[in-house]
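Coordinates as given in structure.txt (compact mmCIF, N, CA and C atoms):
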```txt
# COMPACT_ATOMS: atom_id res chain seq x y z
N MET K 10 69.89 53.12 45.98
CA MET K 10 68.84 52.60 46.83
C MET K 10 67.63 52.29 45.94
N LEU K 11 67.05 51.12 46.13
CA LEU K 11 65.91 50.67 45.36
C LEU K 11 64.64 50.89 46.17
N THR K 12 63.71 51.60 45.57
CA THR K 12 62.45 51.85 46.23
C THR K 12 61.33 51.17 45.44
N LEU K 13 60.58 50.34 46.10
CA LEU K 13 59.46 49.66 45.47
C LEU K 13 58.18 50.35 45.89
N ARG K 14 57.38 50.67 44.93
CA ARG K 14 56.10 51.30 45.24
C ARG K 14 54.99 50.33 44.86
N GLN K 15 54.10 50.20 45.73
CA GLN K 15 52.95 49.36 45.46
C GLN K 15 51.70 50.15 45.78
N SER K 16 50.81 50.16 44.84
CA SER K 16 49.58 50.88 45.04
C SER K 16 48.69 50.12 46.02
N PRO K 17 48.03 50.82 46.91
CA PRO K 17 47.11 50.14 47.82
C PRO K 17 45.96 49.47 47.07
N PHE K 18 45.68 49.94 45.86
CA PHE K 18 44.61 49.35 45.05
C PHE K 18 45.01 47.98 44.52
N ASP K 19 46.33 47.75 44.32
CA ASP K 19 46.77 46.45 43.85
C ASP K 19 46.41 45.36 44.86
N LEU K 20 46.65 45.61 46.12
CA LEU K 20 46.31 44.64 47.15
C LEU K 20 44.81 44.45 47.26
N LEU K 21 44.10 45.56 47.23
CA LEU K 21 42.65 45.50 47.34
C LEU K 21 42.04 44.74 46.16
N GLU K 22 42.51 45.04 44.95
CA GLU K 22 41.94 44.44 43.75
C GLU K 22 42.13 42.93 43.74
N SER K 23 43.35 42.47 43.95
CA SER K 23 43.59 41.03 43.88
C SER K 23 42.87 40.30 45.01
N ASP K 24 42.91 40.84 46.21
CA ASP K 24 42.26 40.20 47.35
C ASP K 24 40.74 40.23 47.19
N LEU K 25 40.22 41.36 46.74
CA LEU K 25 38.78 41.50 46.59
C LEU K 25 38.23 40.54 45.54
N PHE K 26 38.88 40.46 44.39
CA PHE K 26 38.39 39.57 43.35
C PHE K 26 38.56 38.10 43.72
N GLN K 27 39.62 37.77 44.43
CA GLN K 27 39.80 36.39 44.87
C GLN K 27 38.69 35.99 45.85
N LYS K 28 38.38 36.87 46.79
CA LYS K 28 37.32 36.57 47.75
C LYS K 28 35.97 36.46 47.05
N LEU K 29 35.70 37.36 46.12
CA LEU K 29 34.43 37.31 45.39
C LEU K 29 34.31 36.02 44.61
N GLU K 30 35.36 35.62 43.94
CA GLU K 30 35.33 34.38 43.17
C GLU K 30 35.13 33.17 44.08
N GLN K 31 35.78 33.16 45.22
CA GLN K 31 35.60 32.06 46.16
C GLN K 31 34.16 31.98 46.66
N GLN K 32 33.56 33.12 46.95
CA GLN K 32 32.17 33.13 47.43
C GLN K 32 31.22 32.65 46.35
N LEU K 33 31.44 33.08 45.14
CA LEU K 33 30.56 32.65 44.05
C LEU K 33 30.69 31.16 43.79
N MET K 34 31.89 30.65 43.81
CA MET K 34 32.10 29.23 43.54
C MET K 34 31.59 28.36 44.67
N SER K 35 31.69 28.83 45.91
CA SER K 35 31.24 28.00 47.03
C SER K 35 29.74 28.10 47.24
N ALA K 36 29.10 29.15 46.71
CA ALA K 36 27.66 29.33 46.91
C ALA K 36 26.85 28.35 46.08
N GLN K 37 27.40 27.89 44.96
CA GLN K 37 26.68 26.98 44.08
C GLN K 37 27.54 25.77 43.80
N PRO K 38 26.92 24.60 43.74
CA PRO K 38 27.68 23.43 43.36
C PRO K 38 28.16 23.55 41.91
N GLN K 39 29.17 22.81 41.56
CA GLN K 39 29.75 22.87 40.22
C GLN K 39 28.71 22.60 39.14
N SER K 40 27.83 21.63 39.36
CA SER K 40 26.85 21.31 38.32
C SER K 40 25.87 22.46 38.11
N ALA K 41 25.51 23.19 39.15
CA ALA K 41 24.61 24.32 38.99
C ALA K 41 25.30 25.44 38.23
N THR K 42 26.59 25.63 38.47
CA THR K 42 27.33 26.66 37.77
C THR K 42 27.38 26.34 36.28
N LEU K 43 27.55 25.07 35.95
CA LEU K 43 27.62 24.68 34.56
C LEU K 43 26.28 24.82 33.85
N GLN K 44 25.20 24.77 34.58
CA GLN K 44 23.87 24.80 33.96
C GLN K 44 23.39 26.20 33.65
N LYS K 45 24.07 27.23 34.11
CA LYS K 45 23.64 28.59 33.82
C LYS K 45 23.86 28.90 32.35
N ALA K 46 22.84 29.46 31.71
CA ALA K 46 22.96 29.82 30.30
C ALA K 46 23.45 31.25 30.18
N GLU K 47 24.13 31.51 29.09
CA GLU K 47 24.48 32.89 28.84
C GLU K 47 23.21 33.64 28.53
N ARG K 48 23.09 34.83 29.03
CA ARG K 48 21.83 35.55 28.95
C ARG K 48 21.57 36.16 27.59
N SER K 49 22.59 36.56 26.88
CA SER K 49 22.35 37.16 25.58
C SER K 49 23.47 36.80 24.61
N PRO K 50 23.15 35.97 23.63
CA PRO K 50 24.18 35.63 22.65
C PRO K 50 24.50 36.83 21.77
N ALA K 51 25.67 36.82 21.20
CA ALA K 51 26.08 37.93 20.33
C ALA K 51 25.15 38.03 19.13
N ALA K 52 24.76 39.25 18.78
CA ALA K 52 23.83 39.46 17.67
C ALA K 52 24.21 40.68 16.85
N ASP K 53 23.89 40.62 15.58
CA ASP K 53 23.99 41.77 14.68
C ASP K 53 22.60 42.01 14.10
N VAL K 54 22.17 43.26 14.08
CA VAL K 54 20.87 43.61 13.49
C VAL K 54 21.14 44.65 12.42
N GLN K 55 20.68 44.34 11.21
CA GLN K 55 20.88 45.26 10.10
C GLN K 55 19.52 45.73 9.57
N ASP K 56 19.45 47.01 9.24
CA ASP K 56 18.23 47.62 8.71
C ASP K 56 18.42 47.82 7.22
N GLY K 57 17.90 46.89 6.43
CA GLY K 57 18.00 46.99 4.98
C GLY K 57 16.82 47.75 4.41
N PRO K 58 16.83 48.00 3.11
CA PRO K 58 15.73 48.76 2.51
C PRO K 58 14.39 48.04 2.55
N GLU K 59 14.40 46.70 2.51
CA GLU K 59 13.14 45.95 2.48
C GLU K 59 12.94 45.03 3.67
N ALA K 60 14.02 44.79 4.45
CA ALA K 60 13.90 43.84 5.56
C ALA K 60 14.95 44.13 6.63
N TYR K 61 14.65 43.66 7.83
CA TYR K 61 15.62 43.65 8.92
C TYR K 61 16.28 42.28 8.90
N THR K 62 17.59 42.23 9.12
CA THR K 62 18.32 40.97 9.17
C THR K 62 18.97 40.85 10.53
N ILE K 63 18.65 39.76 11.24
CA ILE K 63 19.20 39.51 12.57
C ILE K 63 20.07 38.28 12.48
N THR K 64 21.30 38.38 12.94
CA THR K 64 22.24 37.27 12.93
C THR K 64 22.70 37.03 14.36
N LEU K 65 22.55 35.78 14.83
CA LEU K 65 22.95 35.42 16.19
C LEU K 65 23.94 34.26 16.16
N ASP K 66 24.96 34.33 17.01
CA ASP K 66 25.90 33.23 17.19
C ASP K 66 25.31 32.24 18.18
N LEU K 67 25.04 31.02 17.73
CA LEU K 67 24.47 29.99 18.60
C LEU K 67 25.22 28.67 18.46
N PRO K 68 26.52 28.65 18.72
CA PRO K 68 27.25 27.40 18.57
C PRO K 68 26.79 26.36 19.58
N GLY K 69 26.67 25.13 19.11
CA GLY K 69 26.29 24.03 20.00
C GLY K 69 24.82 23.94 20.31
N VAL K 70 23.99 24.74 19.66
CA VAL K 70 22.55 24.71 19.91
C VAL K 70 21.89 23.82 18.86
N ASP K 71 21.03 22.92 19.30
CA ASP K 71 20.31 22.05 18.39
C ASP K 71 19.23 22.86 17.68
N ARG K 72 19.11 22.65 16.37
CA ARG K 72 18.14 23.39 15.56
C ARG K 72 16.72 23.25 16.09
N ALA K 73 16.37 22.08 16.62
CA ALA K 73 15.01 21.84 17.11
C ALA K 73 14.68 22.67 18.35
N SER K 74 15.69 23.13 19.08
CA SER K 74 15.43 23.90 20.30
C SER K 74 15.26 25.40 20.04
N ILE K 75 15.49 25.84 18.81
CA ILE K 75 15.38 27.26 18.48
C ILE K 75 13.92 27.60 18.21
N ASP K 76 13.45 28.68 18.83
CA ASP K 76 12.07 29.14 18.67
C ASP K 76 12.09 30.61 18.28
N VAL K 77 11.41 30.94 17.17
CA VAL K 77 11.34 32.31 16.69
C VAL K 77 9.87 32.71 16.66
N LYS K 78 9.53 33.79 17.37
CA LYS K 78 8.16 34.30 17.41
C LYS K 78 8.18 35.78 17.07
N ALA K 79 7.06 36.25 16.52
CA ALA K 79 7.00 37.65 16.13
C ALA K 79 5.63 38.24 16.42
N THR K 80 5.66 39.53 16.76
CA THR K 80 4.44 40.34 16.85
C THR K 80 4.57 41.41 15.77
N ASP K 81 3.77 42.45 15.85
CA ASP K 81 3.80 43.48 14.81
C ASP K 81 5.16 44.16 14.67
N ARG K 82 5.83 44.42 15.78
CA ARG K 82 7.12 45.13 15.74
C ARG K 82 8.22 44.44 16.52
N THR K 83 7.96 43.27 17.07
CA THR K 83 8.93 42.61 17.95
C THR K 83 9.21 41.19 17.49
N LEU K 84 10.48 40.81 17.58
CA LEU K 84 10.90 39.46 17.26
C LEU K 84 11.52 38.86 18.52
N VAL K 85 11.05 37.68 18.92
CA VAL K 85 11.57 37.01 20.11
C VAL K 85 12.21 35.70 19.69
N ILE K 86 13.47 35.53 20.05
CA ILE K 86 14.22 34.32 19.70
C ILE K 86 14.64 33.66 21.00
N SER K 87 14.35 32.38 21.14
CA SER K 87 14.77 31.63 22.33
C SER K 87 15.32 30.29 21.89
N ALA K 88 16.16 29.72 22.73
CA ALA K 88 16.78 28.43 22.42
C ALA K 88 17.32 27.81 23.70
N GLU K 89 17.78 26.58 23.57
CA GLU K 89 18.37 25.87 24.70
C GLU K 89 19.61 25.14 24.24
N ARG K 90 20.68 25.28 25.00
CA ARG K 90 21.92 24.55 24.73
C ARG K 90 22.02 23.45 25.77
N GLN K 91 21.98 22.20 25.31
CA GLN K 91 22.06 21.04 26.19
C GLN K 91 23.51 20.62 26.37
N PRO K 92 23.89 20.24 27.57
CA PRO K 92 25.25 19.74 27.75
C PRO K 92 25.40 18.37 27.10
N GLY K 93 26.58 18.09 26.63
CA GLY K 93 26.86 16.78 26.04
C GLY K 93 27.08 15.76 27.14
N THR K 94 27.74 14.70 26.82
CA THR K 94 28.04 13.69 27.84
C THR K 94 29.02 14.27 28.83
N PRO K 95 28.80 14.04 30.12
CA PRO K 95 29.71 14.62 31.12
C PRO K 95 31.10 14.00 31.00
N PRO K 96 32.12 14.81 31.22
CA PRO K 96 33.48 14.28 31.16
C PRO K 96 33.72 13.33 32.33
N PRO K 97 34.69 12.41 32.19
CA PRO K 97 34.94 11.44 33.26
C PRO K 97 35.40 12.09 34.57
N GLN K 98 35.98 13.26 34.48
CA GLN K 98 36.37 13.98 35.70
C GLN K 98 36.01 15.45 35.54
N ALA K 99 35.97 16.15 36.65
CA ALA K 99 35.59 17.57 36.63
C ALA K 99 36.59 18.36 35.79
N PRO K 100 36.10 19.29 34.97
CA PRO K 100 37.02 20.08 34.13
C PRO K 100 37.86 21.04 34.97
N LEU K 101 39.03 21.32 34.49
CA LEU K 101 39.91 22.27 35.16
C LEU K 101 39.36 23.69 34.99
N ILE K 102 38.89 23.99 33.78
CA ILE K 102 38.25 25.27 33.49
C ILE K 102 36.97 24.97 32.72
N SER K 103 35.88 25.62 33.11
CA SER K 103 34.61 25.42 32.41
C SER K 103 33.99 26.77 32.10
N GLU K 104 34.02 27.15 30.83
CA GLU K 104 33.48 28.44 30.42
C GLU K 104 32.26 28.31 29.52
N ILE K 105 31.94 27.13 29.07
CA ILE K 105 30.79 26.92 28.20
C ILE K 105 29.54 26.90 29.05
N ARG K 106 28.54 27.66 28.65
CA ARG K 106 27.30 27.76 29.41
C ARG K 106 26.20 26.96 28.74
N TYR K 107 25.38 26.31 29.56
CA TYR K 107 24.27 25.50 29.09
C TYR K 107 22.98 26.01 29.70
N GLY K 108 21.88 25.72 29.05
CA GLY K 108 20.58 26.10 29.57
C GLY K 108 19.77 26.86 28.53
N THR K 109 18.74 27.53 28.98
CA THR K 109 17.86 28.26 28.07
C THR K 109 18.11 29.75 28.16
N TRP K 110 17.77 30.45 27.11
CA TRP K 110 17.86 31.90 27.07
C TRP K 110 16.83 32.42 26.09
N SER K 111 16.57 33.71 26.16
CA SER K 111 15.61 34.35 25.26
C SER K 111 16.09 35.77 24.99
N ARG K 112 15.87 36.22 23.77
CA ARG K 112 16.29 37.56 23.40
C ARG K 112 15.21 38.17 22.51
N SER K 113 14.88 39.43 22.75
CA SER K 113 13.87 40.08 21.93
C SER K 113 14.45 41.31 21.25
N PHE K 114 13.90 41.60 20.06
CA PHE K 114 14.32 42.74 19.27
C PHE K 114 13.07 43.53 18.87
N ARG K 115 13.07 44.82 19.16
CA ARG K 115 11.93 45.68 18.80
C ARG K 115 12.40 46.60 17.69
N PHE K 116 11.62 46.63 16.61
CA PHE K 116 12.00 47.38 15.42
C PHE K 116 11.25 48.71 15.36
N PRO K 117 11.84 49.70 14.70
CA PRO K 117 11.19 51.01 14.61
C PRO K 117 9.90 50.97 13.78
N GLY K 118 9.81 50.05 12.83
CA GLY K 118 8.61 49.91 12.01
C GLY K 118 8.07 48.50 12.13
N GLY K 119 6.90 48.28 11.54
CA GLY K 119 6.27 46.97 11.59
C GLY K 119 6.99 45.95 10.73
N ILE K 120 6.76 44.67 11.02
CA ILE K 120 7.33 43.59 10.22
C ILE K 120 6.20 42.69 9.71
N GLN K 121 6.46 42.03 8.60
CA GLN K 121 5.50 41.08 8.04
C GLN K 121 5.75 39.73 8.69
N ARG K 122 4.88 39.35 9.58
CA ARG K 122 5.07 38.09 10.30
C ARG K 122 5.00 36.89 9.37
N ASP K 123 4.15 36.96 8.35
CA ASP K 123 4.01 35.83 7.43
C ASP K 123 5.23 35.63 6.55
N GLY K 124 6.03 36.67 6.38
CA GLY K 124 7.18 36.58 5.49
C GLY K 124 8.50 36.28 6.19
N LEU K 125 8.46 35.96 7.48
CA LEU K 125 9.70 35.68 8.23
C LEU K 125 10.43 34.46 7.68
N GLU K 126 11.75 34.56 7.62
CA GLU K 126 12.59 33.43 7.22
C GLU K 126 13.67 33.26 8.28
N ALA K 127 13.97 32.00 8.61
CA ALA K 127 15.04 31.72 9.57
C ALA K 127 15.90 30.59 9.03
N HIS K 128 17.21 30.80 9.07
CA HIS K 128 18.16 29.80 8.58
C HIS K 128 19.22 29.57 9.65
N TYR K 129 19.54 28.30 9.92
CA TYR K 129 20.55 27.96 10.93
C TYR K 129 21.61 27.10 10.27
N ARG K 130 22.84 27.62 10.26
CA ARG K 130 23.92 26.87 9.62
C ARG K 130 25.23 27.18 10.33
N ASP K 131 25.97 26.14 10.63
CA ASP K 131 27.30 26.27 11.26
C ASP K 131 27.27 27.10 12.54
N GLY K 132 26.20 26.95 13.35
CA GLY K 132 26.11 27.64 14.62
C GLY K 132 25.69 29.09 14.53
N VAL K 133 25.24 29.53 13.36
CA VAL K 133 24.80 30.91 13.18
C VAL K 133 23.34 30.91 12.72
N LEU K 134 22.49 31.62 13.45
CA LEU K 134 21.08 31.77 13.09
C LEU K 134 20.90 33.12 12.39
N THR K 135 20.28 33.09 11.22
CA THR K 135 19.97 34.31 10.48
C THR K 135 18.47 34.38 10.30
N VAL K 136 17.87 35.47 10.76
CA VAL K 136 16.44 35.69 10.62
C VAL K 136 16.23 36.92 9.75
N ILE K 137 15.42 36.76 8.70
CA ILE K 137 15.09 37.88 7.83
C ILE K 137 13.64 38.23 8.08
N ALA K 138 13.41 39.47 8.51
CA ALA K 138 12.07 39.96 8.83
C ALA K 138 11.72 41.08 7.85
N PRO K 139 10.89 40.76 6.82
CA PRO K 139 10.52 41.81 5.87
C PRO K 139 9.75 42.94 6.55
N LYS K 140 9.99 44.13 6.09
CA LYS K 140 9.29 45.30 6.65
C LYS K 140 7.84 45.30 6.15
N ALA K 141 6.96 45.74 7.01
CA ALA K 141 5.55 45.83 6.63
C ALA K 141 5.39 46.91 5.57
N GLN K 142 4.64 46.57 4.51
CA GLN K 142 4.44 47.52 3.42
C GLN K 142 3.32 48.50 3.70
N THR K 143 2.39 48.07 4.53
CA THR K 143 1.26 48.93 4.84
C THR K 143 1.21 49.19 6.33
N THR K 144 0.78 50.35 6.65
CA THR K 144 0.55 50.68 8.05
C THR K 144 -0.90 51.08 8.18
N THR K 145 -1.46 50.77 9.29
CA THR K 145 -2.86 51.12 9.49
C THR K 145 -2.94 52.34 10.38
N THR K 146 -3.80 53.24 9.98
CA THR K 146 -4.04 54.45 10.75
C THR K 146 -5.50 54.45 11.17
N VAL K 147 -5.73 54.74 12.41
CA VAL K 147 -7.09 54.77 12.93
C VAL K 147 -7.39 56.19 13.37
N GLN K 148 -8.51 56.68 12.90
CA GLN K 148 -8.92 58.02 13.33
C GLN K 148 -10.05 57.85 14.35
N VAL K 149 -9.92 58.52 15.46
CA VAL K 149 -10.88 58.43 16.53
C VAL K 149 -11.67 59.72 16.58
N ARG K 150 -12.96 59.58 16.59
CA ARG K 150 -13.82 60.75 16.65
C ARG K 150 -13.96 61.18 18.10
N VAL K 151 -13.75 62.44 18.35
CA VAL K 151 -13.84 62.99 19.69
C VAL K 151 -15.28 63.44 19.93
N GLU K 152 -15.86 62.91 20.97
CA GLU K 152 -17.24 63.23 21.28
C GLU K 152 -17.30 64.10 22.53
N ASP K 153 -18.47 64.71 22.71
CA ASP K 153 -18.70 65.56 23.90
C ASP K 153 -18.69 64.75 25.17
```
Represent the structure of the file as structure tokens.
Amino acid sequence: MLTLRQSPFDLLESDLFQKLEQQLMSAQPQSATLQKAERSPAADVQDGPEAYTITLDLPGVDRASIDVKATDRTLVISAERQPGTPPPQAPLISEIRYGTWSRSFRFPGGIQRDGLEAHYRDGVLTVIAPKAQTTTTVQVRVED
């Protein structure tokens, strides 16, 4: 005698995810779905002896759209990925995201804003942020 066992979670999982996907796809038109940008591109941050090195994967991003800003301890990188020419018909699967995004990195120590270097090659952005050599200490006099 053959006994088939099916977990009640199997039915729930497939049905639940199918319904969720249908609701998400019907809530927004296809063009709006394609315009959503990925919120955080993949990044590596390395703490070297003299500088922090940040590497981000940004394939398909135009160099002119990349913006790098810095404060005393924070680096903010933002960019925009523009869609190319639209295909003659709707894609069967569309996983590439377009639009703007921003990512910030806060370092344990200060950085030299004047010494920042940024290089973009083959879809990879590398930012070198030299560590601040001097720190300022302020002493506050306590009064009555």
Just to confirm, what's the straight-line distance from atom CA of K:Ala73 to atom CA of K:Ala88 in Å (one decimal)?
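Taking atom CA of K:Ala73 as the start and atom CA of K:Ala88 as the end point, the length is 8.6 Å.
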Can you work out the spacing between atom CA of K:Arg82 and atom C of K:Tyr129 in Å, to one decimal?
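Between these atoms lies a distance of 23.8 Å.
Put simply, atom C of K:Ala138 is 27.2 Å away from atom C of K:Arg90.
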Please provide as a ChimeraX atom specification all residues within 7 Å of K:Ala60, with the sequence filter that same-chain residues fewer than 2 positions apart are discarded (counting only N, CA and C atoms).
/K:55-58,62,137-140
With N, CA and C atoms kept, could you save the residues just selected as a PDB file, in the frame of the given file?
```pdb
ATOM      1  N   GLN K  55      20.680  44.340  11.210  1.00  0.00           N
ATOM      2  CA  GLN K  55      20.880  45.260  10.100  1.00  0.00           C
ATOM      3  C   GLN K  55      19.520  45.730   9.570  1.00  0.00           C
ATOM      4  N   ASP K  56      19.450  47.010   9.240  1.00  0.00           N
ATOM      5  CA  ASP K  56      18.230  47.620   8.710  1.00  0.00           C
ATOM      6  C   ASP K  56      18.420  47.820   7.220  1.00  0.00           C
ATOM      7  N   GLY K  57      17.900  46.890   6.430  1.00  0.00           N
ATOM      8  CA  GLY K  57      18.000  46.990   4.980  1.00  0.00           C
ATOM      9  C   GLY K  57      16.820  47.750   4.410  1.00  0.00           C
ATOM     10  N   PRO K  58      16.830  48.000   3.110  1.00  0.00           N
ATOM     11  CA  PRO K  58      15.730  48.760   2.510  1.00  0.00           C
ATOM     12  C   PRO K  58      14.390  48.040   2.550  1.00  0.00           C
ATOM     13  N   THR K  62      17.590  42.230   9.120  1.00  0.00           N
ATOM     14  CA  THR K  62      18.320  40.970   9.170  1.00  0.00           C
ATOM     15  C   THR K  62      18.970  40.850  10.530  1.00  0.00           C
ATOM     16  N   ILE K 137      15.420  36.760   8.700  1.00  0.00           N
ATOM     17  CA  ILE K 137      15.090  37.880   7.830  1.00  0.00           C
ATOM     18  C   ILE K 137      13.640  38.230   8.080  1.00  0.00           C
ATOM     19  N   ALA K 138      13.410  39.470   8.510  1.00  0.00           N
ATOM     20  CA  ALA K 138      12.070  39.960   8.830  1.00  0.00           C
ATOM     21  C   ALA K 138      11.720  41.080   7.850  1.00  0.00           C
ATOM     22  N   PRO K 139      10.890  40.760   6.820  1.00  0.00           N
ATOM     23  CA  PRO K 139      10.520  41.810   5.870  1.00  0.00           C
ATOM     24  C   PRO K 139       9.750  42.940   6.550  1.00  0.00           C
ATOM     25  N   LYS K 140       9.990  44.130   6.090  1.00  0.00           N
ATOM     26  CA  LYS K 140       9.290  45.300   6.650  1.00  0.00           C
ATOM     27  C   LYS K 140       7.840  45.300   6.150  1.00  0.00           C
TER      28      LYS K 140
END
```
Counting only C-alpha atoms, find residues at most 8 Å from (26.1, 23.8, 13.3) (file frame) and give them as a PyMOL selection string.
chain K and resi 68-71+129-133
Which of these, K:Val147, K:Leu125, K:Leu134, K:Ile120, has the shortest distance to K:Asp81 once you count all atoms listed in the file?
K:Ile120
Let's see if you can do this: from backbone DSSP, list all strand (DSSP E) residues in stretch 54-112 of chain K, as a count of residues only.
27
Please identify all polymer residues within 6 Å of K:Thr135, counting only C-alpha atoms, omitting same-chain residues fewer than 3 positions from it, and present them as an mmCIF file with N, CA and C atoms, keeping the file's coordinate frame.
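Writing done, so here's result.cif:
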```cif
data_model
loop_
_atom_site.group_PDB
_atom_site.id
_atom_site.type_symbol
_atom_site.label_atom_id
_atom_site.label_comp_id
_atom_site.auth_asym_id
_atom_site.auth_seq_id
_atom_site.Cartn_x
_atom_site.Cartn_y
_atom_site.Cartn_z
ATOM 1 N N ILE K 63 18.650 39.760 11.240
ATOM 2 C CA ILE K 63 19.200 39.510 12.570
ATOM 3 C C ILE K 63 20.070 38.280 12.480
ATOM 4 N N THR K 64 21.300 38.380 12.940
ATOM 5 C CA THR K 64 22.240 37.270 12.930
ATOM 6 C C THR K 64 22.700 37.030 14.360
ATOM 7 N N ALA K 127 13.970 32.000 8.610
ATOM 8 C CA ALA K 127 15.040 31.720 9.570
ATOM 9 C C ALA K 127 15.900 30.590 9.030
ATOM 10 N N HIS K 128 17.210 30.800 9.070
ATOM 11 C CA HIS K 128 18.160 29.800 8.580
ATOM 12 C C HIS K 128 19.220 29.570 9.650
#
```
Edge lengths and centre in Å, axis-aligned, stretch 101-114 of chain K plus 5 Å each side, as lines of an AutoDock Vina configuration file:
```
center_x = 26.5
center_y = 32.4
center_z = 27.0
size_x = 36.8
size_y = 32.2
size_z = 26.3
```
From the list K:Gln148, K:Ala141, K:Gly119, K:Arg112, which residue is nearest K:Val85 when using only C-alpha atoms?
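Between K:Gln148, K:Ala141, K:Gly119, K:Arg112, the residue approaching K:Val85 most closely is K:Arg112.
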